[in-house]
Amino acid sequence: MEMAFEKVGFIGLGIMGAPMAKQLVKGGKKLHVWSNNRAKAEQFAKENGAVAAATPKQLAQDVDLIVLCVGTTDMSRQVLLGKDGVAQSGKKGLVVIDASTISPEGSREIDEELKAAGIEYLGAPCTGSKAGAEGGTLTFMIGGRKEVFEQTKPVLQLMGKQFYFCGGPGMGLQAKLTQNLILANLMQAFNEGIVLATKGGVDPKVMFDILDNSAAKSGLVSGKAPNIFKRNFETHFSTKWMHKDVSMALESGKSLNVPLPVTAVTQQMFEAAIAGGEADADFSATVKTMEKLAGVEVKA
């Protein structure tokens with residue numbers, strides 16, 4: 001059964017959340033928003049014809065469906081289950097789509113508690129970075145009840161273009177952590193290789209062209225390398241959030257008894273980048289850690 005979901009709530013108006021919320025307004029939804037930063041929510045509401053809610057609880061009372069995109073498992077838990085949180089609204093039949101990248105275990109716990117409150121929950125992390133959020137072309141990996149996914153697909157389609165139903169609660173997050181583990185490791189591999197080639201005297205642009213036309217070609221590298229050469233580290237996805245996701249992948253490996261040796265090194269190199277002041281920069285700024293160690297700068 002398809003439901004209209006005309007009144008939609010959005011929690012979290014950061015680099016990803018704000019443009020995702022704008023897509024919902026563009027799609028004709030009556031939008032209510034909440035942010036930890038009250039001024040940010042009020043500004044967004046004013047500029048986009050939305051309503052700023054005082055609390056997640058109030059937001060939940062005024063809508064039929066909520067999308068959230070926040071930074072960590074604890075933040076997600078707080079807005080959904082904490083004081084003045086969504087669960088306290090008493091709104092049975094409400095649907096929550098959590099687009100945050102949180103731990104699969106945490107997502108399953110939230111699912112259980114919301115179910116007890118009569119609220120449906122989908123863990124639906126997305127990928128596609130800031131550009132995908134701004135263009136409404138994100139890819140979503142969904143875990144939860146399939147019928148709830150089918151009912152909410154028209155709302156998801158306002159924000160994204162590709163949807164993978166991965167299974168029950170937490171499964172979308174298992175897929176997302178896997179994807180980010182591979183992305184982070186590719187970034188670290190490129191950082192090492194391009195610094196080595198540059199220090200060895202190869203023009204970095206020539207090296208990039210070789211990679212781009214070989215079996216080592218990577219969509220990530222094709223997207224990041226030109227900006228690295230221009231020394232443009234404007235944030236599309238920050239070092240601190242990628243570090244958080246890689247750390248959760250390592251926790252998942254530990255709980256499933258899967259060794260992840262390469263990922264452990266990448267996590268430590270990202271940790272070094274954060275210690276070096278690159279927490280809020282794009283995660284391509286991790287190349288600077290390798291550059292400092294090697295005493296060379298990669299630029300065209």
# chains A, B, ... in the order shown; residues from 1 in each chain; ligands from 1

$ select_by_dssp --residues "range 3-55 of chain A" --states "strand (DSSP E or B)" --output "PyMOL selection string"
chain A and resi 7-11+30-34+51-52

$ residues_around --residues "Ile194 in chain A" --least-positions-apart "5" --cutoff "12 Å" --atoms "only C-alpha atoms" --output "ChimeraX atom specification"
/A:186-189,199-211,221,225,228-229,287-288,290-291,294,296-300

$ closest_atom_pairs --of "range 52-73 of chain A" --to "range 118-137 of chain A" --cutoff "10 Å" --atoms "only C-alpha atoms" --output "Markdown table"
| residue | atom | partner | partner_atom | distance |
| --- | --- | --- | --- | --- |
| A:Leu65 | CA | A:Glu120 | CA | 9.4 |
| A:Ile66 | CA | A:Tyr121 | CA | 9.6 |
| A:Val67 | CA | A:Ala124 | CA | 9.5 |
| A:Leu68 | CA | A:Ala124 | CA | 9.6 |
| A:Cys69 | CA | A:Pro125 | CA | 8.5 |

$ closest_residue --among "A:Ser76, A:Ser107, A:Thr55, A:Ser247" --to "Gly168 in chain A" --atoms "only C-alpha atoms"
A:Ser107

$ residues_around --residues "Ala18 in chain A" --least-positions-apart "5" --cutoff "9 Å" --atoms "only C-alpha atoms" --output "number ranges by chain"
A: 10, 12-13, 23, 44, 133-134

$ write_last_selection --atoms "N, CA and C atoms" --output "PDB file, in the first residue's frame"
ATOM      1  N   PHE A  10      12.311  16.656   8.976  1.00  0.00           N
ATOM      2  CA  PHE A  10      13.732  16.390   8.717  1.00  0.00           C
ATOM      3  C   PHE A  10      14.545  16.839   9.917  1.00  0.00           C
ATOM      4  N   GLY A  12      18.433  17.267  11.377  1.00  0.00           N
ATOM      5  CA  GLY A  12      19.852  17.347  11.001  1.00  0.00           C
ATOM      6  C   GLY A  12      20.025  18.120   9.710  1.00  0.00           C
ATOM      7  N   LEU A  13      20.589  19.322   9.788  1.00  0.00           N
ATOM      8  CA  LEU A  13      20.688  20.184   8.601  1.00  0.00           C
ATOM      9  C   LEU A  13      22.150  20.530   8.291  1.00  0.00           C
ATOM     10  N   GLN A  23      15.424  19.008  -1.209  1.00  0.00           N
ATOM     11  CA  GLN A  23      14.824  18.157  -2.252  1.00  0.00           C
ATOM     12  C   GLN A  23      13.386  17.784  -1.882  1.00  0.00           C
ATOM     13  N   PHE A  44      16.791  27.942   7.953  1.00  0.00           N
ATOM     14  CA  PHE A  44      16.400  27.021   6.876  1.00  0.00           C
ATOM     15  C   PHE A  44      14.895  27.147   6.607  1.00  0.00           C
ATOM     16  N   ALA A 133      23.642  14.868  -2.722  1.00  0.00           N
ATOM     17  CA  ALA A 133      22.557  15.428  -1.909  1.00  0.00           C
ATOM     18  C   ALA A 133      21.958  16.649  -2.608  1.00  0.00           C
ATOM     19  N   GLU A 134      22.837  17.483  -3.194  1.00  0.00           N
ATOM     20  CA  GLU A 134      22.368  18.702  -3.877  1.00  0.00           C
ATOM     21  C   GLU A 134      21.621  18.387  -5.169  1.00  0.00           C
TER      22      GLU A 134
END

$ residues_around --residues "Asn227 in chain A" --least-positions-apart "6" --cutoff "9 Å" --atoms "only C-alpha atoms" --output "MDAnalysis selection string"
chainID A and resid 233:234 284

$ write_last_selection --atoms "C-alpha atoms" --output "PDB file, in the first residue's frame"
ATOM      1  CA  PHE A 233      40.226  20.414   0.151  1.00  0.00           C
ATOM      2  CA  GLU A 234      36.699  21.903   0.345  1.00  0.00           C
ATOM      3  CA  SER A 284      41.234  13.712   0.525  1.00  0.00           C
TER       4      SER A 284
END

$ closest_residue --among "A:Ile142, A:Val148, A:Ile11, A:Ala60" --to "Lys40 in chain A" --atoms "only C-alpha atoms"
A:Ile11

$ select_by_dssp --residues "range 132-272 of chain A" --states "helix (DSSP H, G or I)" --output "MDAnalysis selection string"
chainID A and resid 132:135 146:156 171:199 204:212 219:230 239:256 261:272

$ closest_residue --among "A:Ser238, A:Thr178, A:Asn257, A:Gln151" --to "Thr286 in chain A" --atoms "only C-alpha atoms"
A:Ser238

$ closest_residue --among "A:Ala184, A:Ala264, A:Leu177, A:Val86" --to "Thr239 in chain A" --atoms "only C-alpha atoms"
A:Ala184

$ closest_residue --among "A:Asp98, A:Lys224, A:Thr263, A:Asp74" --to "His243 in chain A" --atoms "only C-alpha atoms"
A:Thr263

$ residues_around --residues "Lys22 in chain A" --least-positions-apart "5" --cutoff "12 Å" --atoms "only C-alpha atoms" --output "list in words"
Val8, Gly9, Phe10, Leu13, Gly14, Ile15, Met16, Gly17, Gly27, Gly28, Lys29, Lys30, Leu31, His32, Val33, Phe44, Ala45, Glu47, Asn48, Gly49, Ala50, Ala133, Glu134, Gly135, Gly136, Leu158 and Met159 of chain A

$ write_last_selection --atoms "N, CA and C atoms" --output "PDB file, in the first residue's frame"
ATOM      1  N   VAL A   8       6.225  15.889   6.125  1.00  0.00           N
ATOM      2  CA  VAL A   8       7.487  15.189   6.389  1.00  0.00           C
ATOM      3  C   VAL A   8       8.362  16.023   7.323  1.00  0.00           C
ATOM      4  N   GLY A   9       9.034  15.357   8.255  1.00  0.00           N
ATOM      5  CA  GLY A   9       9.969  16.025   9.153  1.00  0.00           C
ATOM      6  C   GLY A   9      11.397  15.713   8.747  1.00  0.00           C
ATOM      7  N   PHE A  10      12.311  16.656   8.976  1.00  0.00           N
ATOM      8  CA  PHE A  10      13.732  16.390   8.717  1.00  0.00           C
ATOM      9  C   PHE A  10      14.545  16.839   9.917  1.00  0.00           C
ATOM     10  N   LEU A  13      20.589  19.322   9.788  1.00  0.00           N
ATOM     11  CA  LEU A  13      20.688  20.184   8.601  1.00  0.00           C
ATOM     12  C   LEU A  13      22.150  20.530   8.291  1.00  0.00           C
ATOM     13  N   GLY A  14      22.992  19.498   8.262  1.00  0.00           N
ATOM     14  CA  GLY A  14      24.416  19.677   7.980  1.00  0.00           C
ATOM     15  C   GLY A  14      24.721  19.664   6.494  1.00  0.00           C
ATOM     16  N   ILE A  15      25.975  19.320   6.164  1.00  0.00           N
ATOM     17  CA  ILE A  15      26.435  19.314   4.766  1.00  0.00           C
ATOM     18  C   ILE A  15      25.542  18.428   3.880  1.00  0.00           C
ATOM     19  N   MET A  16      25.103  17.289   4.416  1.00  0.00           N
ATOM     20  CA  MET A  16      24.230  16.381   3.663  1.00  0.00           C
ATOM     21  C   MET A  16      22.751  16.685   3.927  1.00  0.00           C
ATOM     22  N   GLY A  17      22.414  16.914   5.189  1.00  0.00           N
ATOM     23  CA  GLY A  17      21.008  17.058   5.579  1.00  0.00           C
ATOM     24  C   GLY A  17      20.288  18.223   4.926  1.00  0.00           C
ATOM     25  N   GLY A  27      10.027  18.639  -3.887  1.00  0.00           N
ATOM     26  CA  GLY A  27       9.086  17.571  -4.250  1.00  0.00           C
ATOM     27  C   GLY A  27       7.668  17.819  -3.749  1.00  0.00           C
ATOM     28  N   GLY A  28       7.443  18.986  -3.159  1.00  0.00           N
ATOM     29  CA  GLY A  28       6.082  19.357  -2.753  1.00  0.00           C
ATOM     30  C   GLY A  28       5.672  18.923  -1.356  1.00  0.00           C
ATOM     31  N   LYS A  29       6.616  18.468  -0.539  1.00  0.00           N
ATOM     32  CA  LYS A  29       6.258  18.042   0.829  1.00  0.00           C
ATOM     33  C   LYS A  29       6.132  19.258   1.753  1.00  0.00           C
ATOM     34  N   LYS A  30       5.201  19.150   2.695  1.00  0.00           N
ATOM     35  CA  LYS A  30       5.093  20.170   3.754  1.00  0.00           C
ATOM     36  C   LYS A  30       6.133  19.799   4.794  1.00  0.00           C
ATOM     37  N   LEU A  31       7.219  20.567   4.847  1.00  0.00           N
ATOM     38  CA  LEU A  31       8.377  20.160   5.631  1.00  0.00           C
ATOM     39  C   LEU A  31       8.465  20.849   6.982  1.00  0.00           C
ATOM     40  N   HIS A  32       8.737  20.040   8.005  1.00  0.00           N
ATOM     41  CA  HIS A  32       9.029  20.532   9.356  1.00  0.00           C
ATOM     42  C   HIS A  32      10.470  20.126   9.649  1.00  0.00           C
ATOM     43  N   VAL A  33      11.269  21.024  10.232  1.00  0.00           N
ATOM     44  CA  VAL A  33      12.686  20.714  10.456  1.00  0.00           C
ATOM     45  C   VAL A  33      13.086  20.937  11.916  1.00  0.00           C
ATOM     46  N   PHE A  44      16.791  27.942   7.953  1.00  0.00           N
ATOM     47  CA  PHE A  44      16.400  27.021   6.876  1.00  0.00           C
ATOM     48  C   PHE A  44      14.895  27.147   6.607  1.00  0.00           C
ATOM     49  N   ALA A  45      14.104  27.168   7.686  1.00  0.00           N
ATOM     50  CA  ALA A  45      12.648  27.254   7.561  1.00  0.00           C
ATOM     51  C   ALA A  45      12.243  28.526   6.825  1.00  0.00           C
ATOM     52  N   GLU A  47      14.047  30.372   4.764  1.00  0.00           N
ATOM     53  CA  GLU A  47      14.491  30.397   3.361  1.00  0.00           C
ATOM     54  C   GLU A  47      13.754  29.408   2.473  1.00  0.00           C
ATOM     55  N   ASN A  48      13.198  28.334   3.075  1.00  0.00           N
ATOM     56  CA  ASN A  48      12.620  27.251   2.258  1.00  0.00           C
ATOM     57  C   ASN A  48      11.136  26.996   2.494  1.00  0.00           C
ATOM     58  N   GLY A  49      10.487  27.903   3.207  1.00  0.00           N
ATOM     59  CA  GLY A  49       9.049  27.742   3.442  1.00  0.00           C
ATOM     60  C   GLY A  49       8.714  26.519   4.277  1.00  0.00           C
ATOM     61  N   ALA A  50       9.597  26.189   5.228  1.00  0.00           N
ATOM     62  CA  ALA A  50       9.364  25.051   6.128  1.00  0.00           C
ATOM     63  C   ALA A  50       8.971  25.574   7.519  1.00  0.00           C
ATOM     64  N   ALA A 133      23.642  14.868  -2.722  1.00  0.00           N
ATOM     65  CA  ALA A 133      22.557  15.428  -1.909  1.00  0.00           C
ATOM     66  C   ALA A 133      21.958  16.649  -2.608  1.00  0.00           C
ATOM     67  N   GLU A 134      22.837  17.483  -3.194  1.00  0.00           N
ATOM     68  CA  GLU A 134      22.368  18.702  -3.877  1.00  0.00           C
ATOM     69  C   GLU A 134      21.621  18.387  -5.169  1.00  0.00           C
ATOM     70  N   GLY A 135      22.002  17.280  -5.821  1.00  0.00           N
ATOM     71  CA  GLY A 135      21.363  16.924  -7.091  1.00  0.00           C
ATOM     72  C   GLY A 135      20.217  15.928  -6.955  1.00  0.00           C
ATOM     73  N   GLY A 136      19.962  15.455  -5.731  1.00  0.00           N
ATOM     74  CA  GLY A 136      18.915  14.454  -5.528  1.00  0.00           C
ATOM     75  C   GLY A 136      19.254  13.121  -6.178  1.00  0.00           C
ATOM     76  N   LEU A 158      12.725  11.293  -3.982  1.00  0.00           N
ATOM     77  CA  LEU A 158      12.937  12.745  -4.093  1.00  0.00           C
ATOM     78  C   LEU A 158      14.389  13.107  -3.768  1.00  0.00           C
ATOM     79  N   MET A 159      15.076  12.227  -3.028  1.00  0.00           N
ATOM     80  CA  MET A 159      16.447  12.499  -2.589  1.00  0.00           C
ATOM     81  C   MET A 159      17.488  11.650  -3.303  1.00  0.00           C
TER      82      MET A 159
END

$ atom_distance --atom1 "CA of Thr266 in chain A" --atom2 "CA of Lys244 in chain A"
11.8 Å

$ closest_residue --among "A:Gln58, A:Ser252, A:Gln43, A:Ser218" --to "Asp84 in chain A" --atoms "only C-alpha atoms"
A:Gln58

$ residues_around --residues "range 79-81 of chain A" --least-positions-apart "6" --cutoff "8 Å" --atoms "only C-alpha atoms" --output "list in words"
Pro56, Ala87, Gln88, Ile110, Glu113 and Leu114 of chain A

$ write_last_selection --atoms "C-alpha atoms" --output "short mmCIF file (atom, residue, chain, number, x, y, z; two decimals), in the first residue's frame"
data_model
loop_
_atom_site.label_atom_id
_atom_site.label_comp_id
_atom_site.auth_asym_id
_atom_site.auth_seq_id
_atom_site.Cartn_x
_atom_site.Cartn_y
_atom_site.Cartn_z
CA PRO A 56 12.14 16.24 17.87
CA ALA A 87 9.65 8.15 20.68
CA GLN A 88 8.12 10.42 23.35
CA ILE A 110 16.88 1.79 18.01
CA GLU A 113 12.79 0.55 21.00
CA LEU A 114 10.85 2.42 18.32
#
